[in-house]
>>> print(open('final.tsv').read())   # TSV, N, CA, C and O atoms
chain	number	residue	atom	x	y	z
A	18	ILE	N	-3.07	2.32	-30.78
A	18	ILE	CA	-2.78	2.42	-29.36
A	18	ILE	C	-1.48	1.69	-29.07
A	18	ILE	O	-1.04	0.85	-29.86
A	19	THR	N	-0.91	2.03	-27.95
A	19	THR	CA	0.28	1.34	-27.46
A	19	THR	C	-0.05	0.77	-26.09
A	19	THR	O	-0.56	1.49	-25.23
A	20	VAL	N	0.23	-0.51	-25.89
A	20	VAL	CA	-0.02	-1.17	-24.61
A	20	VAL	C	1.33	-1.63	-24.06
A	20	VAL	O	2.06	-2.35	-24.73
A	21	ILE	N	1.62	-1.21	-22.84
A	21	ILE	CA	2.86	-1.61	-22.19
A	21	ILE	C	2.48	-2.43	-20.97
A	21	ILE	O	1.92	-1.91	-20.00
A	22	ASN	N	2.76	-3.73	-21.04
A	22	ASN	CA	2.44	-4.66	-19.96
A	22	ASN	C	3.69	-4.98	-19.15
A	22	ASN	O	4.68	-5.44	-19.71
A	23	TYR	N	3.61	-4.72	-17.87
A	23	TYR	CA	4.71	-5.09	-16.98
A	23	TYR	C	4.41	-6.42	-16.29
A	23	TYR	O	5.30	-7.12	-15.86
A	24	ASN	N	3.15	-6.72	-16.13
A	24	ASN	CA	2.76	-7.99	-15.53
A	24	ASN	C	1.44	-8.42	-16.15
A	24	ASN	O	0.79	-7.67	-16.85
A	25	LYS	N	1.04	-9.61	-15.87
A	25	LYS	CA	-0.18	-10.15	-16.47
A	25	LYS	C	-1.34	-10.20	-15.47
A	25	LYS	O	-2.30	-10.93	-15.68
A	26	LYS	N	-1.26	-9.44	-14.39
A	26	LYS	CA	-2.31	-9.47	-13.38
A	26	LYS	C	-3.52	-8.63	-13.78
A	26	LYS	O	-4.62	-8.85	-13.29
A	27	PHE	N	-3.33	-7.63	-14.63
A	27	PHE	CA	-4.40	-6.75	-15.09
A	27	PHE	C	-5.17	-6.12	-13.93
A	27	PHE	O	-6.38	-5.99	-13.97
A	28	SER	N	-4.43	-5.72	-12.89
A	28	SER	CA	-5.11	-5.11	-11.75
A	28	SER	C	-5.20	-3.59	-11.88
A	28	SER	O	-6.24	-3.01	-11.60
A	29	ARG	N	-4.13	-2.95	-12.33
A	29	ARG	CA	-4.12	-1.49	-12.42
A	29	ARG	C	-3.42	-1.04	-13.69
A	29	ARG	O	-2.46	-1.66	-14.13
A	30	CYS	N	-3.91	0.06	-14.25
A	30	CYS	CA	-3.36	0.56	-15.50
A	30	CYS	C	-3.41	2.09	-15.52
A	30	CYS	O	-4.35	2.69	-15.01
A	31	LEU	N	-2.41	2.70	-16.14
A	31	LEU	CA	-2.38	4.14	-16.35
A	31	LEU	C	-2.76	4.42	-17.79
A	31	LEU	O	-2.28	3.74	-18.70
A	32	LEU	N	-3.60	5.42	-18.01
A	32	LEU	CA	-4.06	5.76	-19.34
A	32	LEU	C	-3.49	7.11	-19.76
A	32	LEU	O	-3.56	8.07	-19.00
A	33	PHE	N	-2.93	7.16	-20.97
A	33	PHE	CA	-2.32	8.38	-21.50
A	33	PHE	C	-2.94	8.73	-22.84
A	33	PHE	O	-3.32	7.85	-23.61
A	34	TYR	N	-2.99	10.02	-23.13
A	34	TYR	CA	-3.55	10.51	-24.38
A	34	TYR	C	-2.60	10.28	-25.55
A	34	TYR	O	-3.01	9.87	-26.62
A	35	ASN	N	-1.31	10.55	-25.34
A	35	ASN	CA	-0.32	10.34	-26.40
A	35	ASN	C	1.01	9.89	-25.82
A	35	ASN	O	1.21	9.90	-24.60
A	36	PHE	N	1.91	9.51	-26.68
A	36	PHE	CA	3.18	8.95	-26.23
A	36	PHE	C	4.05	10.00	-25.53
A	36	PHE	O	4.78	9.68	-24.60
A	37	LEU	N	3.93	11.25	-25.94
A	37	LEU	CA	4.69	12.32	-25.29
A	37	LEU	C	4.26	12.47	-23.83
A	37	LEU	O	5.11	12.67	-22.95
A	38	ASP	N	2.97	12.37	-23.55
A	38	ASP	CA	2.48	12.42	-22.17
A	38	ASP	C	3.06	11.26	-21.35
A	38	ASP	O	3.46	11.42	-20.19
A	39	PHE	N	3.09	10.08	-21.96
A	39	PHE	CA	3.66	8.91	-21.29
A	39	PHE	C	5.14	9.12	-20.98
A	39	PHE	O	5.59	8.87	-19.86
A	40	LEU	N	5.91	9.61	-21.96
A	40	LEU	CA	7.34	9.84	-21.73
A	40	LEU	C	7.57	10.90	-20.67
A	40	LEU	O	8.49	10.78	-19.84
A	41	ASN	N	6.76	11.93	-20.66
A	41	ASN	CA	6.85	12.97	-19.64
A	41	ASN	C	6.63	12.38	-18.25
A	41	ASN	O	7.37	12.66	-17.31
A	42	TYR	N	5.61	11.54	-18.13
A	42	TYR	CA	5.32	10.87	-16.86
A	42	TYR	C	6.49	10.00	-16.42
A	42	TYR	O	6.92	10.05	-15.27
A	43	LYS	N	7.02	9.20	-17.34
A	43	LYS	CA	8.13	8.31	-17.00
A	43	LYS	C	9.37	9.11	-16.62
A	43	LYS	O	10.10	8.72	-15.70
A	44	THR	N	9.64	10.22	-17.30
A	44	THR	CA	10.79	11.06	-16.97
A	44	THR	C	10.67	11.61	-15.56
A	44	THR	O	11.64	11.58	-14.79
A	45	LYS	N	9.50	12.10	-15.21
A	45	LYS	CA	9.28	12.62	-13.85
A	45	LYS	C	9.41	11.52	-12.81
A	45	LYS	O	9.94	11.75	-11.72
A	46	ALA	N	8.93	10.33	-13.13
A	46	ALA	CA	9.05	9.20	-12.20
A	46	ALA	C	10.51	8.85	-11.95
A	46	ALA	O	10.92	8.58	-10.82
A	47	VAL	N	11.33	8.88	-13.00
A	47	VAL	CA	12.76	8.58	-12.86
A	47	VAL	C	13.44	9.68	-12.04
A	47	VAL	O	14.26	9.39	-11.16
A	48	GLN	N	13.10	10.94	-12.31
A	48	GLN	CA	13.69	12.05	-11.57
A	48	GLN	C	13.37	11.98	-10.09
A	48	GLN	O	14.18	12.33	-9.25
A	49	LYS	N	12.17	11.50	-9.78
A	49	LYS	CA	11.76	11.36	-8.38
A	49	LYS	C	12.19	10.03	-7.79
A	49	LYS	O	11.88	9.71	-6.65
A	50	LYS	N	12.89	9.24	-8.60
A	50	LYS	CA	13.38	7.91	-8.21
A	50	LYS	C	12.26	6.97	-7.79
A	50	LYS	O	12.38	6.19	-6.87
A	51	HIS	N	11.14	7.07	-8.52
A	51	HIS	CA	10.02	6.15	-8.30
A	51	HIS	C	10.12	5.05	-9.34
A	51	HIS	O	10.30	5.31	-10.52
A	52	SER	N	9.99	3.85	-8.89
A	52	SER	CA	9.98	2.72	-9.82
A	52	SER	C	8.54	2.34	-10.08
A	52	SER	O	7.85	1.85	-9.20
A	53	HIS	N	8.06	2.59	-11.29
A	53	HIS	CA	6.69	2.28	-11.63
A	53	HIS	C	6.63	1.10	-12.59
A	53	HIS	O	7.07	1.19	-13.71
A	54	SER	N	6.12	0.02	-12.10
A	54	SER	CA	5.92	-1.14	-12.96
A	54	SER	C	4.42	-1.38	-13.13
A	54	SER	O	3.91	-2.45	-12.89
A	55	ILE	N	3.73	-0.30	-13.50
A	55	ILE	CA	2.29	-0.35	-13.71
A	55	ILE	C	2.04	-0.36	-15.22
A	55	ILE	O	2.66	0.39	-15.96
A	56	ASP	N	1.13	-1.21	-15.65
A	56	ASP	CA	0.78	-1.25	-17.07
A	56	ASP	C	0.30	0.12	-17.54
A	56	ASP	O	-0.26	0.89	-16.76
A	57	SER	N	0.53	0.40	-18.81
A	57	SER	CA	0.11	1.67	-19.39
A	57	SER	C	-0.54	1.42	-20.75
A	57	SER	O	-0.11	0.54	-21.50
A	58	ILE	N	-1.56	2.22	-21.04
A	58	ILE	CA	-2.18	2.19	-22.36
A	58	ILE	C	-2.17	3.62	-22.89
A	58	ILE	O	-2.59	4.55	-22.20
A	59	ILE	N	-1.68	3.78	-24.11
A	59	ILE	CA	-1.54	5.10	-24.72
A	59	ILE	C	-2.45	5.15	-25.94
A	59	ILE	O	-2.32	4.32	-26.85
A	60	LEU	N	-3.35	6.13	-25.97
A	60	LEU	CA	-4.32	6.24	-27.05
A	60	LEU	C	-3.65	6.57	-28.39
A	60	LEU	O	-3.97	5.98	-29.41
A	61	ASN	N	-2.75	7.52	-28.42
A	61	ASN	CA	-2.03	7.97	-29.61
A	61	ASN	C	-2.89	8.70	-30.63
A	61	ASN	O	-2.47	9.70	-31.18
A	62	ASP	N	-4.08	8.22	-30.91
A	62	ASP	CA	-4.94	8.85	-31.91
A	62	ASP	C	-6.40	8.60	-31.53
A	62	ASP	O	-6.77	7.45	-31.27
A	63	PRO	N	-7.23	9.65	-31.46
A	63	PRO	CA	-8.63	9.46	-31.07
A	63	PRO	C	-9.39	8.44	-31.93
A	63	PRO	O	-10.36	7.87	-31.46
A	64	SER	N	-8.95	8.20	-33.14
A	64	SER	CA	-9.63	7.21	-33.98
A	64	SER	C	-9.47	5.79	-33.42
A	64	SER	O	-10.17	4.87	-33.85
A	65	ASN	N	-8.57	5.60	-32.46
A	65	ASN	CA	-8.34	4.30	-31.84
A	65	ASN	C	-9.16	4.09	-30.58
A	65	ASN	O	-8.91	3.14	-29.83
A	66	LEU	N	-10.14	4.94	-30.34
A	66	LEU	CA	-10.88	4.91	-29.08
A	66	LEU	C	-11.53	3.56	-28.80
A	66	LEU	O	-11.50	3.09	-27.67
A	67	CYS	N	-12.11	2.92	-29.79
A	67	CYS	CA	-12.77	1.62	-29.57
A	67	CYS	C	-11.79	0.57	-29.04
A	67	CYS	O	-12.10	-0.15	-28.09
A	68	ASP	N	-10.62	0.47	-29.64
A	68	ASP	CA	-9.61	-0.49	-29.16
A	68	ASP	C	-9.11	-0.10	-27.78
A	68	ASP	O	-8.85	-0.96	-26.93
A	69	PHE	N	-8.97	1.19	-27.55
A	69	PHE	CA	-8.55	1.72	-26.24
A	69	PHE	C	-9.52	1.25	-25.16
A	69	PHE	O	-9.11	0.72	-24.12
A	70	ILE	N	-10.82	1.41	-25.42
A	70	ILE	CA	-11.87	1.02	-24.47
A	70	ILE	C	-11.83	-0.49	-24.23
A	70	ILE	O	-11.99	-0.96	-23.10
A	71	LYS	N	-11.61	-1.28	-25.28
A	71	LYS	CA	-11.54	-2.75	-25.13
A	71	LYS	C	-10.41	-3.15	-24.20
A	71	LYS	O	-10.56	-4.03	-23.35
A	72	HIS	N	-9.24	-2.51	-24.34
A	72	HIS	CA	-8.10	-2.83	-23.48
A	72	HIS	C	-8.36	-2.43	-22.03
A	72	HIS	O	-7.96	-3.13	-21.10
A	73	ILE	N	-9.04	-1.33	-21.84
A	73	ILE	CA	-9.36	-0.87	-20.48
A	73	ILE	C	-10.21	-1.91	-19.76
A	73	ILE	O	-10.05	-2.13	-18.56
A	74	SER	N	-11.09	-2.56	-20.47
A	74	SER	CA	-12.00	-3.53	-19.85
A	74	SER	C	-11.28	-4.70	-19.20
A	74	SER	O	-11.84	-5.39	-18.35
A	75	LEU	N	-10.02	-4.93	-19.56
A	75	LEU	CA	-9.24	-6.02	-18.96
A	75	LEU	C	-8.80	-5.73	-17.53
A	75	LEU	O	-8.47	-6.64	-16.78
A	76	TYR	N	-8.80	-4.46	-17.15
A	76	TYR	CA	-8.23	-4.04	-15.87
A	76	TYR	C	-9.29	-3.80	-14.80
A	76	TYR	O	-10.42	-3.42	-15.10
A	77	LYS	N	-8.90	-4.03	-13.55
A	77	LYS	CA	-9.79	-3.80	-12.41
A	77	LYS	C	-9.84	-2.32	-12.06
A	77	LYS	O	-10.85	-1.82	-11.57
A	78	ASN	N	-8.74	-1.61	-12.28
A	78	ASN	CA	-8.64	-0.21	-11.87
A	78	ASN	C	-7.80	0.55	-12.89
A	78	ASN	O	-6.75	0.07	-13.30
A	79	VAL	N	-8.25	1.75	-13.30
A	79	VAL	CA	-7.49	2.57	-14.23
A	79	VAL	C	-7.36	4.00	-13.71
A	79	VAL	O	-8.25	4.49	-13.01
A	80	ASN	N	-6.25	4.63	-14.03
A	80	ASN	CA	-6.02	6.03	-13.71
A	80	ASN	C	-5.87	6.79	-15.01
A	80	ASN	O	-5.01	6.46	-15.83
A	81	CYS	N	-6.70	7.80	-15.21
A	81	CYS	CA	-6.64	8.64	-16.41
A	81	CYS	C	-5.64	9.77	-16.19
A	81	CYS	O	-5.83	10.59	-15.29
A	82	LEU	N	-4.59	9.79	-16.98
A	82	LEU	CA	-3.58	10.84	-16.89
A	82	LEU	C	-3.59	11.65	-18.18
A	82	LEU	O	-2.60	11.75	-18.89
A	83	PHE	N	-4.75	12.23	-18.46
A	83	PHE	CA	-4.94	12.99	-19.69
A	83	PHE	C	-4.68	14.48	-19.45
A	83	PHE	O	-4.80	14.95	-18.32
A	84	PRO	N	-4.37	15.22	-20.51
A	84	PRO	CA	-4.15	16.66	-20.35
A	84	PRO	C	-5.46	17.36	-19.94
A	84	PRO	O	-6.55	16.84	-20.20
A	85	PRO	N	-5.35	18.53	-19.31
A	85	PRO	CA	-6.56	19.26	-18.88
A	85	PRO	C	-7.25	20.02	-20.01
A	85	PRO	O	-8.02	20.93	-19.76
A	86	SER	N	-7.01	19.62	-21.22
A	86	SER	CA	-7.65	20.25	-22.39
A	86	SER	C	-9.08	19.74	-22.53
A	86	SER	O	-9.49	18.80	-21.84
A	87	SER	N	-9.84	20.32	-23.45
A	87	SER	CA	-11.20	19.85	-23.68
A	87	SER	C	-11.20	18.39	-24.17
A	87	SER	O	-12.05	17.60	-23.78
A	88	ALA	N	-10.22	18.03	-24.99
A	88	ALA	CA	-10.12	16.64	-25.47
A	88	ALA	C	-9.84	15.69	-24.31
A	88	ALA	O	-10.44	14.62	-24.22
A	89	GLY	N	-8.95	16.08	-23.41
A	89	GLY	CA	-8.63	15.25	-22.25
A	89	GLY	C	-9.82	15.09	-21.32
A	89	GLY	O	-10.10	13.99	-20.82
A	90	LYS	N	-10.55	16.17	-21.12
A	90	LYS	CA	-11.75	16.12	-20.25
A	90	LYS	C	-12.84	15.26	-20.88
A	90	LYS	O	-13.50	14.48	-20.18
A	91	THR	N	-13.01	15.39	-22.18
A	91	THR	CA	-14.02	14.59	-22.88
A	91	THR	C	-13.66	13.10	-22.83
A	91	THR	O	-14.52	12.25	-22.60
A	92	LEU	N	-12.39	12.80	-23.01
A	92	LEU	CA	-11.94	11.41	-22.96
A	92	LEU	C	-12.13	10.82	-21.56
A	92	LEU	O	-12.61	9.70	-21.41
A	93	THR	N	-11.80	11.60	-20.53
A	93	THR	CA	-12.00	11.15	-19.15
A	93	THR	C	-13.47	10.86	-18.89
A	93	THR	O	-13.82	9.82	-18.32
A	94	LYS	N	-14.35	11.77	-19.31
A	94	LYS	CA	-15.79	11.58	-19.11
A	94	LYS	C	-16.28	10.34	-19.87
A	94	LYS	O	-17.07	9.55	-19.34
A	95	THR	N	-15.82	10.15	-21.09
A	95	THR	CA	-16.22	9.00	-21.89
A	95	THR	C	-15.84	7.70	-21.20
A	95	THR	O	-16.66	6.78	-21.08
A	96	ILE	N	-14.61	7.63	-20.73
A	96	ILE	CA	-14.14	6.42	-20.05
A	96	ILE	C	-14.90	6.21	-18.75
A	96	ILE	O	-15.31	5.10	-18.43
A	97	TYR	N	-15.12	7.29	-18.01
A	97	TYR	CA	-15.88	7.18	-16.76
A	97	TYR	C	-17.30	6.69	-17.03
A	97	TYR	O	-17.81	5.84	-16.30
A	98	ASP	N	-17.94	7.22	-18.06
A	98	ASP	CA	-19.31	6.80	-18.38
A	98	ASP	C	-19.40	5.32	-18.73
A	98	ASP	O	-20.39	4.66	-18.43
A	99	ILE	N	-18.36	4.78	-19.34
A	99	ILE	CA	-18.35	3.37	-19.74
A	99	ILE	C	-17.87	2.46	-18.61
A	99	ILE	O	-18.38	1.36	-18.43
A	100	HIS	N	-16.87	2.92	-17.86
A	100	HIS	CA	-16.22	2.08	-16.83
A	100	HIS	C	-16.21	2.77	-15.47
A	100	HIS	O	-15.18	2.91	-14.83
A	101	LYS	N	-17.38	3.19	-14.99
A	101	LYS	CA	-17.49	3.93	-13.71
A	101	LYS	C	-16.78	3.22	-12.56
A	101	LYS	O	-16.12	3.85	-11.74
A	102	ASN	N	-16.93	1.93	-12.49
A	102	ASN	CA	-16.38	1.16	-11.38
A	102	ASN	C	-14.87	0.96	-11.46
A	102	ASN	O	-14.25	0.48	-10.53
A	103	LYS	N	-14.23	1.34	-12.57
A	103	LYS	CA	-12.81	1.11	-12.75
A	103	LYS	C	-11.98	2.38	-12.59
A	103	LYS	O	-10.80	2.31	-12.28
A	104	VAL	N	-12.57	3.55	-12.86
A	104	VAL	CA	-11.81	4.81	-12.91
A	104	VAL	C	-11.50	5.28	-11.50
A	104	VAL	O	-12.39	5.45	-10.66
A	105	ASP	N	-10.21	5.52	-11.26
A	105	ASP	CA	-9.74	5.99	-9.97
A	105	ASP	C	-8.82	7.19	-10.22
A	105	ASP	O	-7.70	7.02	-10.69
A	106	ASN	N	-9.31	8.38	-9.97
A	106	ASN	CA	-8.49	9.58	-10.20
A	106	ASN	C	-8.34	10.39	-8.96
A	106	ASN	O	-9.14	10.69	-8.23
>>> encode(input="final.tsv", output="structure tokens")
Amino acid sequence: ITVINYNKKFSRCLLFYNFLDFLNYKTKAVQKKHSHSIDSIILNDPSNLCDFIKHISLYKNVNCLFPPSSAGKTLTKTIYDIHKNKVDN
């Protein structure tokens, strides 16, 4: 996994399936002239799911920005089932 911390408050975090999704999001944010200093966690490989889940537990609120594929939907459901009170989509 890749963890990008902008601050140490651990209040909000964006979750990405892979680094390309993260770069796409950041490119669109720059094009729209949005300054996003929100922490991000990138799964990179489904075998890293346990570490991914551990990092999510540090945050009060998470946004899942996964692709609309079956893998993305399954990952969203998995995270929601574990962290219902944190997922905000």
>>> closest_residue(input="final.tsv", among="A:Ile21, A:Asn78, A:Leu92, A:Tyr42", to="Ile58 in chain A", atoms="only C-alpha atoms")
A:Ile21
>>> atom_distance(input="final.tsv", atom1="atom N of Thr19 in chain A", atom2="atom O of Ser57 in chain A")
6.7 Å
>>> atom_distance(input="final.tsv", atom1="CA of Phe33 in chain A", atom2="atom N of Val20 in chain A")
10.2 Å
>>> closest_residue(input="final.tsv", among="A:Val79, A:Lys43, A:Ala88, A:Phe69", to="Arg29 in chain A", atoms="only N, CA, C and O atoms")
A:Val79
>>> atom_distance(input="final.tsv", atom1="atom C of Ile70 in chain A", atom2="atom O of Lys45 in chain A")
27.9 Å
>>> residues_near_point(input="final.tsv", point="(-5.2, 10.8, -19.8)", cutoff="4.5 Å", atoms="all atoms listed in the file", output="JSON, numbers by chain")
{"A": [32, 33, 34, 81, 82, 83]}
>>> closest_residue(input="final.tsv", among="A:Ile18, A:Ile59, A:Ile99, A:Ala46", to="Leu31 in chain A", atoms="all atoms listed in the file")
A:Ile59
>>> select_by_dssp(input="final.tsv", residues="chain A", states="strand (DSSP E or B)", output="PyMOL selection string")
chain A and resi 19-21+29-33+56-59+78-81+104
>>> closest_residue(input="final.tsv", among="A:Pro84, A:Leu75, A:Ile55, A:Leu66", to="Asn35 in chain A", atoms="all atoms listed in the file")
A:Pro84
>>> closest_residue(input="final.tsv", among="A:Asn22, A:Ser74, A:Asn102, A:Thr91", to="Asp56 in chain A", atoms="only N, CA, C and O atoms")
A:Asn22
